[in-house]
Structure formats: C-alpha cells, structure tokens
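Structure data follow from upload05.tsv (TSV, C-alpha atoms):
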chain	number	residue	atom	x	y	z
A	1	MET	CA	57.81	-24.13	-49.37
A	2	ALA	CA	60.75	-23.90	-51.79
A	3	ALA	CA	59.02	-21.32	-53.97
A	4	SER	CA	58.00	-19.13	-51.05
A	5	GLY	CA	61.51	-19.53	-49.63
A	6	ALA	CA	62.86	-17.83	-52.74
A	7	VAL	CA	60.18	-15.16	-52.46
A	8	ARG	CA	61.15	-14.58	-48.82
A	9	VAL	CA	64.72	-13.96	-49.93
A	10	LEU	CA	63.45	-11.42	-52.46
A	11	VAL	CA	61.33	-9.75	-49.77
A	12	ALA	CA	64.42	-9.54	-47.53
A	13	LEU	CA	66.33	-7.90	-50.38
A	14	LEU	CA	63.53	-5.39	-50.96
A	15	SER	CA	63.12	-4.62	-47.25
A	16	GLY	CA	66.86	-4.19	-46.89
A	17	ALA	CA	66.94	-1.85	-49.89
A	18	LEU	CA	64.11	0.31	-48.53
A	19	PHE	CA	65.86	0.37	-45.17
A	20	GLY	CA	69.18	1.38	-46.72
A	21	LEU	CA	67.49	4.03	-48.85
A	22	GLY	CA	65.79	5.44	-45.75
A	23	LEU	CA	69.09	5.57	-43.85
A	24	ALA	CA	70.69	7.42	-46.78
A	25	VAL	CA	67.80	9.89	-47.17
A	26	LEU	CA	67.86	10.89	-43.52
A	27	GLY	CA	71.64	11.09	-43.26
A	28	MET	CA	72.11	8.36	-40.65
A	29	MET	CA	75.33	7.16	-42.28
A	30	ASN	CA	76.91	10.42	-41.21
A	31	PRO	CA	78.15	9.93	-37.63
A	32	ALA	CA	78.51	13.68	-37.19
A	33	LYS	CA	74.75	14.02	-37.67
A	34	VAL	CA	73.97	11.23	-35.21
A	35	ILE	CA	76.27	12.75	-32.58
A	36	GLY	CA	74.56	16.10	-33.18
A	37	PHE	CA	71.31	14.42	-32.13
A	38	LEU	CA	72.88	12.88	-29.02
A	39	ASP	CA	74.54	16.14	-27.97
A	40	PHE	CA	71.90	17.83	-25.85
A	41	ALA	CA	74.41	20.23	-24.32
A	42	GLY	CA	75.70	21.40	-27.70
A	43	LYS	CA	73.91	22.56	-30.86
A	44	TRP	CA	71.21	19.90	-30.63
A	45	ASP	CA	69.91	18.61	-33.98
A	46	PRO	CA	66.47	17.02	-33.41
A	47	THR	CA	66.27	15.36	-36.87
A	48	LEU	CA	66.45	11.84	-35.47
A	49	ALA	CA	63.35	12.49	-33.40
A	50	PHE	CA	61.51	13.03	-36.70
A	51	VAL	CA	62.98	9.79	-38.01
A	52	MET	CA	61.74	7.84	-35.00
A	53	GLY	CA	58.43	9.67	-35.23
A	54	GLY	CA	58.02	8.88	-38.93
A	55	ALA	CA	58.98	5.25	-38.51
A	56	LEU	CA	56.81	4.64	-35.45
A	57	LEU	CA	53.88	6.41	-37.14
A	58	VAL	CA	53.97	3.58	-39.69
A	59	CYS	CA	55.04	0.75	-37.43
A	60	VAL	CA	52.89	1.03	-34.31
A	61	PRO	CA	49.48	0.79	-36.03
A	62	ALA	CA	50.77	-1.59	-38.73
A	63	PHE	CA	52.32	-3.98	-36.19
A	64	ARG	CA	49.03	-4.11	-34.27
A	65	LEU	CA	47.14	-5.13	-37.41
A	66	ILE	CA	49.80	-7.54	-38.69
A	67	LEU	CA	50.21	-9.38	-35.39
A	68	LYS	CA	46.46	-10.06	-35.29
A	69	ARG	CA	46.94	-12.30	-38.32
A	70	PRO	CA	47.35	-16.01	-37.61
A	71	ARG	CA	50.59	-15.97	-39.60
A	72	PRO	CA	52.62	-13.85	-42.00
A	73	VAL	CA	51.85	-13.98	-45.73
A	74	LEU	CA	54.89	-16.02	-46.77
A	75	ALA	CA	55.86	-18.03	-43.67
A	76	SER	CA	54.24	-20.48	-41.30
A	77	GLY	CA	54.61	-18.29	-38.23
A	78	PHE	CA	55.98	-15.08	-36.75
A	79	ALA	CA	59.53	-15.24	-35.36
A	80	LEU	CA	59.27	-13.01	-32.31
A	81	PRO	CA	61.36	-12.84	-29.14
A	82	SER	CA	59.74	-14.63	-26.25
A	83	GLU	CA	61.78	-13.32	-23.31
A	84	SER	CA	60.22	-10.74	-21.01
A	85	ALA	CA	62.69	-10.28	-18.12
A	86	LEU	CA	64.67	-7.06	-17.74
A	87	ASP	CA	67.89	-8.90	-16.96
A	88	ALA	CA	71.51	-7.82	-16.59
A	89	ARG	CA	72.40	-9.12	-20.02
A	90	LEU	CA	69.78	-6.93	-21.73
A	91	LEU	CA	70.59	-3.78	-19.80
A	92	GLY	CA	74.35	-4.34	-19.69
A	93	GLY	CA	74.43	-5.03	-23.41
A	94	ALA	CA	72.38	-1.90	-24.10
A	95	ALA	CA	74.77	0.16	-21.94
A	96	LEU	CA	77.88	-1.18	-23.75
A	97	PHE	CA	76.19	-0.52	-27.08
A	98	GLY	CA	75.30	3.01	-25.93
A	99	VAL	CA	78.93	3.82	-25.08
A	100	GLY	CA	80.08	2.61	-28.50
A	101	TRP	CA	77.29	4.47	-30.27
A	102	GLY	CA	78.09	7.69	-28.43
A	103	LEU	CA	81.84	7.38	-29.05
A	104	SER	CA	81.48	6.77	-32.78
A	105	GLY	CA	78.03	7.88	-33.95
A	106	PHE	CA	77.61	4.51	-35.70
A	107	CYS	CA	75.07	1.80	-34.94
A	108	PRO	CA	74.94	-1.48	-36.90
A	109	GLY	CA	72.59	-0.60	-39.81
A	110	PRO	CA	74.28	2.64	-40.83
A	111	ALA	CA	77.71	1.04	-40.31
A	112	VAL	CA	76.81	-1.58	-42.92
A	113	ALA	CA	75.22	0.88	-45.35
A	114	ALA	CA	78.14	3.32	-44.97
A	115	LEU	CA	80.38	0.67	-46.54
A	116	VAL	CA	79.00	1.95	-49.87
A	117	PRO	CA	80.40	5.49	-49.64
A	118	ALA	CA	83.43	4.16	-47.73
A	119	LEU	CA	84.40	1.72	-50.46
A	120	ALA	CA	83.52	4.19	-53.22
A	121	THR	CA	85.65	7.02	-51.90
A	122	GLY	CA	88.03	5.32	-49.49
A	123	ILE	CA	86.86	6.40	-46.04
A	124	THR	CA	89.12	4.28	-43.83
A	125	PRO	CA	87.43	5.06	-40.46
A	126	VAL	CA	84.19	3.40	-41.62
A	127	LEU	CA	86.06	0.24	-42.57
A	128	VAL	CA	87.90	0.24	-39.24
A	129	PHE	CA	84.64	0.62	-37.30
A	130	PHE	CA	82.90	-2.07	-39.36
A	131	ALA	CA	85.73	-4.58	-38.84
A	132	ALA	CA	85.74	-3.91	-35.08
A	133	MET	CA	81.94	-4.23	-34.88
A	134	ILE	CA	81.96	-7.59	-36.66
A	135	SER	CA	84.79	-8.72	-34.36
A	136	GLY	CA	82.69	-7.75	-31.33
A	137	MET	CA	79.77	-9.77	-32.67
A	138	ILE	CA	81.99	-12.78	-33.31
A	139	ALA	CA	83.46	-12.44	-29.80
A	140	HIS	CA	79.92	-12.58	-28.39
A	141	LYS	CA	79.16	-15.57	-30.53
A	142	TRP	CA	82.20	-17.47	-29.28
A	143	LEU	CA	81.59	-16.55	-25.66
A	144	PHE	CA	77.83	-16.98	-25.39
A	145	GLU	CA	76.30	-18.63	-28.43
A	146	ARG	CA	78.22	-21.87	-28.86
A	147	PRO	CA	75.86	-24.79	-28.66
A	148	ASP	CA	78.46	-26.99	-26.94
A	149	ARG	CA	78.80	-24.50	-24.10
A	150	GLY	CA	75.14	-24.68	-23.23
A	151	VAL	CA	75.21	-21.24	-21.61
A	152	GLU	CA	71.93	-20.16	-23.09
A	153	ALA	CA	70.21	-23.51	-22.96
A	154	GLY	CA	66.45	-23.55	-23.05
A	155	PRO	CA	63.62	-23.02	-25.47
A	156	ALA	CA	64.07	-19.25	-25.80
A	157	ARG	CA	67.64	-19.63	-27.02
A	158	GLY	CA	68.90	-19.00	-30.53
A	159	THR	CA	68.56	-16.52	-33.33
A	160	GLU	CA	64.87	-17.26	-33.72
A	161	GLY	CA	64.13	-15.57	-30.42
A	162	ARG	CA	66.47	-12.64	-30.81
A	163	VAL	CA	65.40	-9.15	-31.65
A	164	THR	CA	68.12	-7.36	-33.49
B	1	MET	CA	75.74	19.67	-43.65
B	2	GLU	CA	74.67	18.53	-40.20
B	3	GLY	CA	71.88	21.06	-39.69
B	4	PHE	CA	68.31	20.27	-38.70
B	5	THR	CA	66.61	18.41	-41.58
B	6	PRO	CA	63.10	17.45	-40.44
B	7	VAL	CA	61.63	16.67	-43.89
B	8	SER	CA	64.34	14.25	-45.01
B	9	GLY	CA	64.27	12.83	-41.48
B	10	LEU	CA	60.55	12.18	-41.71
B	11	VAL	CA	60.78	10.73	-45.24
B	12	GLY	CA	63.71	8.52	-44.25
B	13	GLY	CA	61.81	7.39	-41.16
B	14	LEU	CA	58.74	6.52	-43.23
B	15	LEU	CA	60.87	4.49	-45.68
B	16	ILE	CA	62.47	2.57	-42.82
B	17	GLY	CA	59.06	2.05	-41.24
B	18	LEU	CA	57.75	0.67	-44.53
B	19	ALA	CA	60.74	-1.68	-44.80
B	20	VAL	CA	60.15	-3.01	-41.29
B	21	VAL	CA	56.39	-3.43	-41.83
B	22	LEU	CA	56.83	-5.31	-45.13
B	23	PHE	CA	59.34	-7.63	-43.53
B	24	LEU	CA	57.01	-8.49	-40.66
B	25	LEU	CA	53.87	-8.80	-42.79
B	26	LEU	CA	55.41	-10.98	-45.50
B	27	ASN	CA	58.27	-12.86	-43.80
B	28	GLY	CA	57.07	-12.70	-40.21
B	29	ARG	CA	60.37	-11.36	-38.93
B	30	LEU	CA	61.62	-8.27	-37.14
B	31	ALA	CA	64.15	-6.25	-39.11
B	32	GLY	CA	66.80	-5.95	-36.42
B	33	ILE	CA	70.13	-5.36	-38.10
B	34	SER	CA	72.48	-6.66	-35.41
B	35	GLY	CA	70.52	-9.91	-35.20
B	36	ILE	CA	70.47	-10.32	-38.98
B	37	LEU	CA	74.23	-9.70	-39.12
B	38	GLY	CA	74.94	-11.91	-36.12
B	39	GLY	CA	73.22	-14.85	-37.79
B	40	LEU	CA	75.61	-14.58	-40.73
B	41	LEU	CA	78.78	-14.88	-38.66
B	42	VAL	CA	80.81	-17.92	-37.68
B	43	PRO	CA	80.19	-20.23	-35.95
B	44	ALA	CA	76.80	-20.38	-37.63
B	45	GLU	CA	74.06	-22.49	-36.14
B	46	ASP	CA	71.15	-21.32	-38.27
B	47	THR	CA	72.40	-22.20	-41.73
B	48	ASP	CA	69.02	-22.18	-43.47
B	49	GLY	CA	68.60	-18.52	-42.51
B	50	ARG	CA	71.68	-17.42	-44.37
B	51	GLY	CA	69.97	-16.71	-47.70
B	52	TRP	CA	67.50	-14.13	-46.48
B	53	ARG	CA	70.01	-12.61	-44.06
B	54	ALA	CA	72.56	-12.11	-46.82
B	55	ALA	CA	69.79	-10.74	-49.07
B	56	PHE	CA	68.74	-8.20	-46.43
B	57	VAL	CA	72.33	-7.02	-45.95
B	58	GLY	CA	72.79	-6.89	-49.74
B	59	GLY	CA	69.60	-4.83	-49.94
B	60	LEU	CA	70.96	-2.35	-47.39
B	61	LEU	CA	74.00	-1.85	-49.60
B	62	LEU	CA	71.87	-1.59	-52.75
B	63	GLY	CA	69.57	1.01	-51.20
B	64	ALA	CA	72.53	3.09	-50.11
B	65	ALA	CA	74.17	2.71	-53.53
B	66	ALA	CA	70.96	3.76	-55.33
B	67	TYR	CA	70.80	6.92	-53.24
B	68	ALA	CA	74.50	7.64	-53.74
B	69	LEU	CA	74.09	7.33	-57.52
B	70	ALA	CA	70.99	9.54	-57.60
B	71	ALA	CA	72.27	12.17	-55.18
B	72	GLY	CA	75.90	12.12	-56.28
B	73	GLY	CA	77.28	10.76	-53.03
B	74	ILE	CA	76.59	10.23	-49.34
B	75	ALA	CA	77.98	12.51	-46.65
B	76	VAL	CA	80.05	10.69	-44.04
B	77	ARG	CA	82.03	12.75	-41.54
B	78	VAL	CA	83.77	10.70	-38.86
B	79	GLU	CA	85.19	12.74	-36.00
B	80	ALA	CA	86.48	9.95	-33.78
B	81	ALA	CA	90.12	8.83	-34.00
B	82	LEU	CA	90.88	5.33	-35.27
B	83	PRO	CA	91.71	3.78	-31.84
B	84	VAL	CA	88.42	5.19	-30.50
B	85	LEU	CA	86.59	3.68	-33.48
B	86	VAL	CA	88.10	0.27	-32.75
B	87	VAL	CA	86.89	0.39	-29.14
B	88	ALA	CA	83.50	1.77	-30.22
B	89	GLY	CA	83.07	-0.89	-32.89
B	90	LEU	CA	83.85	-3.69	-30.45
B	91	LEU	CA	81.37	-2.24	-27.95
B	92	VAL	CA	78.63	-1.78	-30.56
B	93	GLY	CA	79.10	-5.30	-31.94
B	94	PHE	CA	79.41	-7.08	-28.59
B	95	GLY	CA	76.87	-4.93	-26.73
B	96	SER	CA	74.16	-5.15	-29.38
B	97	ARG	CA	74.42	-8.95	-29.39
B	98	LEU	CA	74.59	-9.21	-25.59
B	99	GLY	CA	71.54	-6.96	-25.26
B	100	SER	CA	69.74	-8.82	-28.09
B	101	GLY	CA	69.23	-5.71	-30.18
B	102	CYS	CA	70.29	-2.32	-31.43
B	103	THR	CA	68.60	0.82	-32.69
B	104	SER	CA	66.51	-1.05	-35.26
B	105	GLY	CA	65.52	-4.14	-33.28
B	106	HIS	CA	64.84	-2.52	-29.91
B	107	GLY	CA	64.49	1.16	-30.82
B	108	LEU	CA	62.12	0.61	-33.70
B	109	CYS	CA	60.67	-2.93	-33.93
B	110	GLY	CA	60.59	-3.52	-30.18
B	111	ILE	CA	58.99	-0.20	-29.34
B	112	ALA	CA	56.48	-0.68	-32.16
B	113	ARG	CA	55.57	-3.99	-30.51
B	114	LEU	CA	55.39	-2.22	-27.15
B	115	SER	CA	57.92	-4.70	-25.76
B	116	ARG	CA	58.93	-3.89	-22.18
B	117	ARG	CA	62.46	-5.17	-22.77
B	118	SER	CA	62.91	-3.01	-25.85
B	119	VAL	CA	61.59	0.13	-24.18
B	120	ALA	CA	64.04	-0.43	-21.30
B	121	ALA	CA	66.97	-1.23	-23.60
B	122	THR	CA	66.26	1.81	-25.78
B	123	ALA	CA	66.10	4.09	-22.75
B	124	VAL	CA	69.44	2.70	-21.54
B	125	PHE	CA	71.33	2.95	-24.83
B	126	PHE	CA	69.98	6.42	-25.65
B	127	GLY	CA	70.80	7.67	-22.15
B	128	VAL	CA	74.27	6.13	-22.11
B	129	ALA	CA	75.04	7.37	-25.64
B	130	ALA	CA	73.98	10.93	-24.75
B	131	ALA	CA	76.05	10.78	-21.54
B	132	THR	CA	79.05	9.49	-23.54
B	133	VAL	CA	78.74	12.34	-26.04
B	134	PHE	CA	78.46	14.82	-23.19
B	135	ILE	CA	81.63	13.51	-21.53
B	136	VAL	CA	83.62	13.38	-24.79
B	137	ARG	CA	82.50	16.79	-26.07
B	138	HIS	CA	82.02	18.87	-22.97
B	139	ALA	CA	83.75	17.30	-19.98
B	140	LEU	CA	87.08	16.00	-21.31
Turn this file's structure into structure tokens for me.
Amino acid sequence: MAASGAVRVLVALLSGALFGLGLAVLGMMNPAKVIGFLDFAGKWDPTLAFVMGGALLVCVPAFRLILKRPRPVLASGFALPSESALDARLLGGAALFGVGWGLSGFCPGPAVAALVPALATGITPVLVFFAAMISGMIAHKWLFERPDRGVEAGPARGTEGRVT
Amino acid sequence: MEGFTPVSGLVGGLLIGLAVVLFLLLNGRLAGISGILGGLLVPAEDTDGRGWRAAFVGGLLLGAAAYALAAGGIAVRVEAALPVLVVAGLLVGFGSRLGSGCTSGHGLCGIARLSRRSVAATAVFFGVAAATVFIVRHAL
C-alpha cells in the first residue's frame, strides 16, 4: 500500500487545490461577502446559494454512485461518520460555530486559504482570526479528545469517524 | 466588490464539488476542513494521517495562490474588530470540532450524503449565523 499511500497524498493535494481555487473564484475568502449572504435584513447577496447549488449539483448524484462502490479507488474502505444521534454536542457545537461565523464571516476553509492574501499583503485580522481558530481547535482537543481521559470512549470515537 | 455574483458563485461551487467528489471517490474520505485541520494539531493521535492532511491544507493554499497570481490578488475585507475576531476564531475552532463539522463537512459533504446530523447541524449554524449578523448589524 506504500505506493497508493503516496498517490493518496497527491490526491489530497489536488483536491485541496481545487477546493482552494473554488473558494477564491467565488469570493469566499472575503468575509464581507459572506456576511452579505447572512444578512437577510440588509442588502442580501444570494451568491452563496449558487455556490451551494453548484456544489450539491455535483455532489448529491456523485456521492450516490460512489458510495455504491465496495470501496474507494485508492483505499481499502470509506471513512465515514457512523453516529446518527442529534445530540447536544452536535447542536451546541453548530450553534457556537454559527456565532463565530456570523461575527467574523470566516469559516475554517476560507480562513486557511485567506492566509495567502493575508501573508502576501499583510492583512493582520486574518492572521488573528486564524490563530484564534487553531487555539479553539486545540482547546477542544485537550478537553475532549485526549485518549487518557476516555471521554469519547467507544468504537465511533476518533478522527476516522468525524465529519469535518 | 461584494455585489451579487451568481456565475463565479456557480463556477466556484462546481470546483469545490469536484474537489469533494474526487476525494471521496479516490481516497474514500469526506473533505471536511475542520476535521482535516483538527487531525494535524497536538496532541495528535492519528499520526499516519498527517501526510494527506498536510497535503490537503497545502493544496488549499496552492489553489488560492494560483488564483491570486492569475487574477492579481484576492479581495479580503474584514469588518470585525480584532477582539471580536479573537472571540469569533475561538468559537469557530472550538464549535466546529465540538459539532464534528463546519460548512464543508456538514454543509456540503454531509448534506450530499443526506446525513440527518449534518442537515440539522447546517440548519443550526446557518440560523445562528444569520441571527448573529442581524443582531450585530441591525439591533446593536
């Protein structure tokens, strides 16, 4: 599997590049644009609905076909989340994320990709947001994901079963 | 700059959709950014996943850089003050990990999989984000 392991890394690079290019094309690295989409009471900009529409147009039918395969092309199995409960952690986490997204206009993908213009032209707020976001992720890791704490013990635990 | 841009929105959405589909078809994984990032941070438990995670994040930067070179830059206008960005960043980082996903993992991959959890999470974070924008822009 060593050879296909290297190919999987290349695929990740290519997927990431397409993803980053897409974010740049649609203007998602610009928080002002994202907030314009979330501002229904202001001058609402529906662009992001076209983004979701375009992406789901590809993904919904493609996912149906792909997940009928016994396994992916380059790996021994699909790594998909197995949980199904609508629990407090899911909904509470989504709510916290929503407050942060609404306050800033940044979600994780664009915050990473925006490091490019931020580092090129010195946009401090992007760097500040990125550092805080990574700190929040590390805080979660220390609180909830330490193996010795056993908080999330069980077969569904771990990065394998996580969505984003 | 921030006007309605349906064509670039659609093209960008198709590119992102293609990225997500390739990743699932070839590597068997969902392209959820907060999960990919989270797996790179300390303390790491999934060390053999670091290569592809780092490659995906590197790809994100490369894709953005390619666009910036071709288009002569990328527009970024941040309205929030720095202390607000610190709070927002902490909430986005912590909340996306607590809720097992963000815009890409739940909003795109999860909905494409018709996952009940992702549909619920997406409804919550969109609703809460819109309410937050309303309060900040129109009520305060």
7 Å contact set for A:Gly102, only C-alpha atoms, chain neighbours under 3 positions out, as number ranges by chain: A: 35, 98-99, 105; B: 129-130, 132-133
note - atom CA of A:Val116 and atom CA of A:Ser104 are separated by 17.9 Å
What does the structure give for the distance between atom CA of A:Gly16 and atom CA of B:Ala19, in Å to one decimal?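 Going from atom CA of A:Gly16 over to atom CA of B:Ala19, I get 6.9 Å.
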Could you pull the residues within 10 Å of B:Phe4, counting all atoms listed in the file, minus those fewer than 6 positions along the same chain, as a list of chain:residue names?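 Selected residues are A:Lys33, A:Gly36, A:Phe37, A:Lys43, A:Trp44, A:Asp45, A:Pro46, A:Thr47, A:Leu48.
Closest approach to chain A from the set B:Ala81, B:Cys109, B:Val92, B:Leu114 is made by B:Val92, with distances taken over only C-alpha atoms.
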Could you name the residues that touch A:Leu13 at 12 Å or less, counting only C-alpha atoms, but leaving out those on the same chain fewer than 5 positions away, as a CSV table (one decimal) with C-alpha atoms, keeping the file's coordinate frame?
chain,number,residue,atom,x,y,z
A,6,ALA,CA,62.9,-17.8,-52.7
A,7,VAL,CA,60.2,-15.2,-52.5
A,8,ARG,CA,61.2,-14.6,-48.8
A,18,LEU,CA,64.1,0.3,-48.5
A,19,PHE,CA,65.9,0.4,-45.2
A,20,GLY,CA,69.2,1.4,-46.7
B,19,ALA,CA,60.7,-1.7,-44.8
B,22,LEU,CA,56.8,-5.3,-45.1
B,23,PHE,CA,59.3,-7.6,-43.5
B,27,ASN,CA,58.3,-12.9,-43.8
B,31,ALA,CA,64.2,-6.2,-39.1
B,51,GLY,CA,70.0,-16.7,-47.7
B,52,TRP,CA,67.5,-14.1,-46.5
B,53,ARG,CA,70.0,-12.6,-44.1
B,54,ALA,CA,72.6,-12.1,-46.8
B,55,ALA,CA,69.8,-10.7,-49.1
B,56,PHE,CA,68.7,-8.2,-46.4
B,57,VAL,CA,72.3,-7.0,-46.0
B,58,GLY,CA,72.8,-6.9,-49.7
B,59,GLY,CA,69.6,-4.8,-49.9
B,60,LEU,CA,71.0,-2.4,-47.4
B,61,LEU,CA,74.0,-1.8,-49.6
B,62,LEU,CA,71.9,-1.6,-52.8
B,63,GLY,CA,69.6,1.0,-51.2
